[in-house]
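Scroll down for the structure; my scribbles are underneath it.
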Amino acid sequence: MREIIALDAVANGVPEVVSGGDDALDAHVRWVHVSDSAGVARLLDGGELLLSTGSGWPTEPAELEAFIAGLVEAGLSGLVLELGVHYRYVPAVVEAAARAHGLALIALHREVKFVALTEAVHSRIISEQTTALRARDEVRARFTALSLRGSPADFIVQQLAQTLGTAVVLENLAHEVVAADAPSPAEEELFTNWEARSRLAHRHDEERRRRGLPAPADELLIVPVEARGIRWGHLIALPGPAHPAGRTSVLEQGAIALALGRLADGDADEWVRIGRQRLVEALLSGRFAGLPGAAARL
């Protein structure tokens with residue numbers, strides 16, 4: 001919603017944010033729908049931005065309040081009301097209902113061409129979707145090539161960390177670190193009490209999934225490594241920058257490459273061997289800055 005308000009097609013209408021905190025203005029818009037109908041809620045699938053003059057809206061305050069509540073229940077991302085055609089100002093009951101439900105409500109003080117506004121928003125959405133599809137294809141091709149080359153687990157984890165621009169950890173089902181890629185100064189903090197932190201993160205992730213909520217940007221991102229009904233462990237990414245393909249999609253491609261590697265190896269101790277080997281190599285090469293970092297990794 002925040003990006004849409006900044007578009008020239010919207011700015012020409014002199015927009016006013018009547019209702020909308022940070023959460024409301026950060027709502028993701030999937031599509032734009034234009035309607036003045038009082039029954040428009042039944043036509044929505046969720047994630048839409050509704051453009052309206054309000055000419056067909058209910059006239060009674062209680063019905064208006066119920067109308068806004070119905071839009072929110074249908075999953076509306078935002079409401080743009082053009083003033084001057086039917087309403088000279090935003091009805092108080094509409095403003096109050098939008099605030100109460102956390103709905104972004106934008107008033108346009110000048111007439112705009114809804115077709116121009118719709119075209120601008122849809123072009124932006126389609127452009128972003130195309131970019132995301134290309135990025136996903138690139139990521140899929142990269143990690144498919146790694147699995148076909150038989151790349152070891154630690155190298156795949158390293159590639160994931162470079163792609164996501166953040167630390168990535170591969171752990172087994174006992175929450176033991178098999179492989180990880182993180183900046184050297186951050187390793188001590190990352191690995192200290194890892195098992196306890198991981199178990200807590202898993203509980204939060206399970207609760208979030210049970211409630212159907214998206215993964216918060218400031219929490220650990222967890223993806224299982226599994227194939228043919230067998231789960232060997234999890235990939236965990238620390239908070240980091242957004243990726244065009246989606247951080248979850250990137251981590252899932254890495255998990256597929258790791259699962260194919262486990263199926264090809266057929267060695268139940270392969271991950272344990274890799275973890276021990278890399279730890280010994282790091283100790284012999286003096287990569288750890290001091291004893292605390294080495295102890296945490298051990």
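In the structure tokens, each chain is lettered A, B, ... as it comes, each chain's residues begin at 1, and ligands are numbered from 1 in order of appearance.
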
Per-residue DSSP, stretch 131-292 of chain A, filtered to helix (DSSP H, G or I), as JSON, numbers by chain: {"A": [131, 132, 133, 134, 135, 136, 137, 138, 139, 140, 141, 142, 143, 144, 145, 146, 147, 148, 153, 154, 155, 156, 157, 158, 159, 160, 161, 162, 163, 164, 184, 185, 186, 187, 188, 189, 190, 191, 194, 195, 196, 197, 198, 199, 200, 201, 202, 203, 204, 205, 206, 207, 208, 209, 210, 247, 248, 249, 250, 251, 252, 253, 254, 255, 256, 257, 258, 259, 260, 261, 262, 263, 264, 265, 270, 271, 272, 273, 274, 275, 276, 277, 278, 279, 280, 281, 282, 283, 284, 285, 291, 292]}

Find the residues of stretch 63-88 of chain A that sit at most 9 Å from stretch 26-33 of chain A; for each, write down the nearest two atoms and how far apart they are in Å, to one decimal. Count only C-alpha atoms. Sort by chain, then by number going up, and give it as a tab-separated table.
```
residue	atom	partner	partner_atom	distance
A:Leu76	CA	A:Val29	CA	8.6
A:Ser77	CA	A:Ala27	CA	5.8
A:Gly78	CA	A:Ala27	CA	7.7
```

Residue contacts of A:Glu95 (7 Å, only C-alpha atoms) excluding same-chain residues fewer than 5 positions away, as a list of chain:residue names: A:Val18, A:Ser19, A:Val90

Export of the given selection (N, CA, C and O atoms) as a PDB file, in the first residue's frame:
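Result written to result_5.pdb:
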```
ATOM      1  N   VAL A  18      -6.239   8.432   5.539  1.00  0.00           N
ATOM      2  CA  VAL A  18      -7.222   8.658   6.588  1.00  0.00           C
ATOM      3  C   VAL A  18      -7.036   7.658   7.719  1.00  0.00           C
ATOM      4  O   VAL A  18      -7.154   7.994   8.895  1.00  0.00           O
ATOM      5  N   SER A  19      -6.734   6.422   7.351  1.00  0.00           N
ATOM      6  CA  SER A  19      -6.508   5.364   8.327  1.00  0.00           C
ATOM      7  C   SER A  19      -5.413   4.458   7.809  1.00  0.00           C
ATOM      8  O   SER A  19      -5.442   4.049   6.652  1.00  0.00           O
ATOM      9  N   VAL A  90     -14.921  11.917   3.956  1.00  0.00           N
ATOM     10  CA  VAL A  90     -15.014  10.530   4.400  1.00  0.00           C
ATOM     11  C   VAL A  90     -15.979  10.446   5.577  1.00  0.00           C
ATOM     12  O   VAL A  90     -15.791  11.148   6.579  1.00  0.00           O
TER      13      VAL A  90
END
```

A:Arg247, A:His101, A:Arg228, A:His204 ranked by distance to A:Arg262, top pick (using only C-alpha atoms): A:Arg228

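Comparing the minimum interatomic distances between A:Val115 and each of A:Leu81, A:Leu51, A:Ala132, A:Ile256, counting only C-alpha atoms, we find that A:Leu51 sits nearest.
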
Atom CA of A:Ser249 to atom CA of A:Ile4, distance in Å rounded to a single decimal: 25.6 Å

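Between atom CA of A:Pro239 and atom CA of A:Gly75 the separation is 27.4 Å.
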
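Summary of the local environment: counting only C-alpha atoms, residues at most 8 Å from A:Ile236, other than itself and those fewer than 5 positions away along its chain, are Val168, Val169, Leu170, Glu171, Leu220, Leu221, Ile222 and Val223 of chain A.
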
Residue subset to file, keeping C-alpha atoms, as a tab-separated table (two decimals), in the first residue's frame:
```tsv
chain	number	residue	atom	x	y	z
A	168	VAL	CA	22.93	-20.41	7.12
A	169	VAL	CA	23.07	-23.52	9.31
A	170	LEU	CA	22.41	-27.17	8.43
A	171	GLU	CA	21.45	-29.17	11.50
A	220	LEU	CA	15.02	-17.67	12.00
A	221	LEU	CA	13.75	-19.17	8.73
A	222	ILE	CA	13.46	-22.97	8.94
A	223	VAL	CA	13.06	-25.45	6.06
```

7 Å contact set for stretch 56-63 of chain A, only C-alpha atoms, chain neighbours under 3 positions out, as a PyMOL selection string: chain A and resi 36-38+66-67+93

Would you write out those residues with N, CA, C and O atoms, as a JSON list (two decimals), in the first residue's frame?
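Final file, again-v7.json:
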```
[["chain", "number", "residue", "atom", "x", "y", "z"],
["A", 36, "ASP", "N", -18.46, 0.06, -6.79],
["A", 36, "ASP", "CA", -19.24, 0.89, -5.87],
["A", 36, "ASP", "C", -20.34, 0.08, -5.20],
["A", 36, "ASP", "O", -21.14, 0.61, -4.44],
["A", 37, "SER", "N", -20.37, -1.23, -5.46],
["A", 37, "SER", "CA", -21.43, -2.07, -4.96],
["A", 37, "SER", "C", -21.32, -2.30, -3.46],
["A", 37, "SER", "O", -20.22, -2.44, -2.91],
["A", 38, "ALA", "N", -22.48, -2.35, -2.81],
["A", 38, "ALA", "CA", -22.51, -2.63, -1.37],
["A", 38, "ALA", "C", -22.22, -4.10, -1.09],
["A", 38, "ALA", "O", -21.91, -4.46, 0.05],
["A", 66, "ALA", "N", -20.84, -2.22, 9.15],
["A", 66, "ALA", "CA", -20.84, -3.64, 8.80],
["A", 66, "ALA", "C", -20.21, -3.87, 7.42],
["A", 66, "ALA", "O", -19.56, -4.89, 7.19],
["A", 67, "PHE", "N", -20.41, -2.90, 6.51],
["A", 67, "PHE", "CA", -19.84, -2.99, 5.17],
["A", 67, "PHE", "C", -18.31, -3.01, 5.25],
["A", 67, "PHE", "O", -17.65, -3.85, 4.61],
["A", 93, "VAL", "N", -18.16, 7.31, 10.33],
["A", 93, "VAL", "CA", -18.31, 5.90, 10.70],
["A", 93, "VAL", "C", -17.37, 5.02, 9.87],
["A", 93, "VAL", "O", -16.85, 4.00, 10.36]]
```

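The residues of stretch 111-263 of chain A that DSSP classifies as strand (DSSP E or B), using the backbone of this structure, are Val168, Val169, Leu170, Glu171, Asn172, Val177, Val178, Ala179, Ala180, Asp181, Leu221, Ile222, Val223, Pro224, Val225, Glu226, Ala227, Ile230, Arg231, Trp232, Gly233, His234, Leu235, Ile236 and Ala237 of chain A.
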
Nearby residues (only C-alpha atoms) at most 10 Å from A:Arg136, same-chain spacing under 2 positions excluded, as number ranges by chain: A: 130-134, 138-142, 243-246, 249-250, 253

Export of the given selection (all heavy atoms) as a compact mmCIF listing (two decimals), in the first residue's frame:
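To be explicit, this is the file written out as result12.txt:
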```txt
# COMPACT_ATOMS: atom_id res chain seq x y z
N THR A 130 7.27 -11.16 -12.56
CA THR A 130 8.18 -11.63 -13.60
C THR A 130 9.61 -11.70 -13.07
O THR A 130 10.34 -12.67 -13.32
CB THR A 130 8.12 -10.70 -14.83
OG1 THR A 130 6.78 -10.65 -15.33
CG2 THR A 130 9.06 -11.20 -15.92
N THR A 131 10.01 -10.67 -12.32
CA THR A 131 11.35 -10.66 -11.73
C THR A 131 11.52 -11.82 -10.76
O THR A 131 12.56 -12.49 -10.74
CB THR A 131 11.58 -9.33 -10.98
OG1 THR A 131 11.46 -8.24 -11.91
CG2 THR A 131 12.96 -9.30 -10.35
N ALA A 132 10.48 -12.09 -9.96
CA ALA A 132 10.55 -13.19 -9.00
C ALA A 132 10.66 -14.53 -9.71
O ALA A 132 11.43 -15.41 -9.28
CB ALA A 132 9.31 -13.16 -8.10
N LEU A 133 9.91 -14.72 -10.80
CA LEU A 133 9.96 -15.98 -11.55
C LEU A 133 11.35 -16.21 -12.15
O LEU A 133 11.88 -17.33 -12.11
CB LEU A 133 8.91 -15.98 -12.66
CG LEU A 133 7.45 -16.12 -12.21
CD1 LEU A 133 6.51 -15.94 -13.38
CD2 LEU A 133 7.22 -17.50 -11.56
N ARG A 134 11.94 -15.15 -12.69
CA ARG A 134 13.28 -15.28 -13.26
C ARG A 134 14.29 -15.63 -12.18
O ARG A 134 15.17 -16.48 -12.38
CB ARG A 134 13.67 -13.98 -13.97
CG ARG A 134 12.92 -13.73 -15.26
CD ARG A 134 13.25 -12.36 -15.82
NE ARG A 134 12.56 -12.12 -17.08
CZ ARG A 134 12.49 -10.92 -17.67
NH1 ARG A 134 13.09 -9.87 -17.11
NH2 ARG A 134 11.84 -10.78 -18.81
N GLU A 138 16.67 -19.01 -11.82
CA GLU A 138 18.12 -18.95 -11.67
C GLU A 138 18.58 -19.73 -10.45
O GLU A 138 19.57 -20.48 -10.50
CB GLU A 138 18.58 -17.49 -11.57
CG GLU A 138 18.40 -16.71 -12.86
CD GLU A 138 18.73 -15.23 -12.69
OE1 GLU A 138 19.09 -14.84 -11.54
OE2 GLU A 138 18.64 -14.47 -13.67
N VAL A 139 17.86 -19.56 -9.34
CA VAL A 139 18.22 -20.28 -8.10
C VAL A 139 18.04 -21.78 -8.29
O VAL A 139 18.89 -22.58 -7.88
CB VAL A 139 17.37 -19.76 -6.92
CG1 VAL A 139 17.54 -20.67 -5.70
CG2 VAL A 139 17.75 -18.33 -6.58
N ARG A 140 16.92 -22.17 -8.91
CA ARG A 140 16.67 -23.59 -9.14
C ARG A 140 17.77 -24.21 -10.00
O ARG A 140 18.27 -25.31 -9.71
CB ARG A 140 15.30 -23.77 -9.81
CG ARG A 140 14.89 -25.24 -9.96
CD ARG A 140 13.58 -25.38 -10.69
NE ARG A 140 12.49 -24.69 -10.00
CZ ARG A 140 11.90 -23.58 -10.45
NH1 ARG A 140 12.30 -23.03 -11.60
NH2 ARG A 140 10.93 -23.02 -9.76
N ALA A 141 18.16 -23.51 -11.07
CA ALA A 141 19.20 -24.03 -11.95
C ALA A 141 20.53 -24.15 -11.21
O ALA A 141 21.27 -25.13 -11.40
CB ALA A 141 19.34 -23.11 -13.17
N ARG A 142 20.84 -23.17 -10.37
CA ARG A 142 22.11 -23.18 -9.64
C ARG A 142 22.20 -24.37 -8.70
O ARG A 142 23.20 -25.11 -8.70
CB ARG A 142 22.28 -21.88 -8.86
CG ARG A 142 23.61 -21.77 -8.12
CD ARG A 142 23.61 -20.54 -7.24
NE ARG A 142 23.15 -19.36 -7.99
CZ ARG A 142 22.83 -18.21 -7.40
NH1 ARG A 142 22.87 -18.10 -6.09
NH2 ARG A 142 22.44 -17.18 -8.14
N HIS A 243 15.20 -11.38 -0.91
CA HIS A 243 15.72 -11.93 -2.17
C HIS A 243 14.60 -11.93 -3.19
O HIS A 243 13.45 -12.24 -2.85
CB HIS A 243 16.24 -13.35 -1.95
CG HIS A 243 17.04 -13.89 -3.10
ND1 HIS A 243 16.44 -14.41 -4.24
CD2 HIS A 243 18.37 -13.95 -3.32
CE1 HIS A 243 17.37 -14.79 -5.09
NE2 HIS A 243 18.55 -14.53 -4.56
N PRO A 244 14.88 -11.59 -4.46
CA PRO A 244 13.82 -11.54 -5.48
C PRO A 244 13.04 -12.83 -5.61
O PRO A 244 11.84 -12.81 -5.91
CB PRO A 244 14.59 -11.22 -6.78
CG PRO A 244 15.88 -10.63 -6.34
CD PRO A 244 16.19 -11.18 -5.00
N ALA A 245 13.71 -13.96 -5.39
CA ALA A 245 13.03 -15.26 -5.51
C ALA A 245 12.27 -15.62 -4.25
O ALA A 245 11.49 -16.58 -4.26
CB ALA A 245 14.05 -16.36 -5.82
N GLY A 246 12.48 -14.86 -3.18
CA GLY A 246 11.87 -15.20 -1.90
C GLY A 246 12.86 -16.02 -1.08
O GLY A 246 13.40 -17.02 -1.57
N SER A 249 11.97 -19.72 -0.79
CA SER A 249 12.20 -20.48 -2.02
C SER A 249 13.67 -20.83 -2.20
O SER A 249 14.00 -21.94 -2.63
CB SER A 249 11.70 -19.67 -3.23
OG SER A 249 10.31 -19.49 -3.19
N VAL A 250 14.55 -19.89 -1.89
CA VAL A 250 15.99 -20.16 -2.00
C VAL A 250 16.39 -21.28 -1.05
O VAL A 250 17.09 -22.22 -1.43
CB VAL A 250 16.80 -18.89 -1.68
CG1 VAL A 250 18.30 -19.21 -1.65
CG2 VAL A 250 16.53 -17.81 -2.72
N GLN A 253 15.25 -24.69 -2.26
CA GLN A 253 16.07 -25.26 -3.34
C GLN A 253 17.34 -25.87 -2.77
O GLN A 253 17.80 -26.93 -3.23
CB GLN A 253 16.41 -24.18 -4.38
CG GLN A 253 15.24 -23.75 -5.23
CD GLN A 253 14.61 -24.90 -5.98
OE1 GLN A 253 15.30 -25.72 -6.59
NE2 GLN A 253 13.28 -24.98 -5.95
```
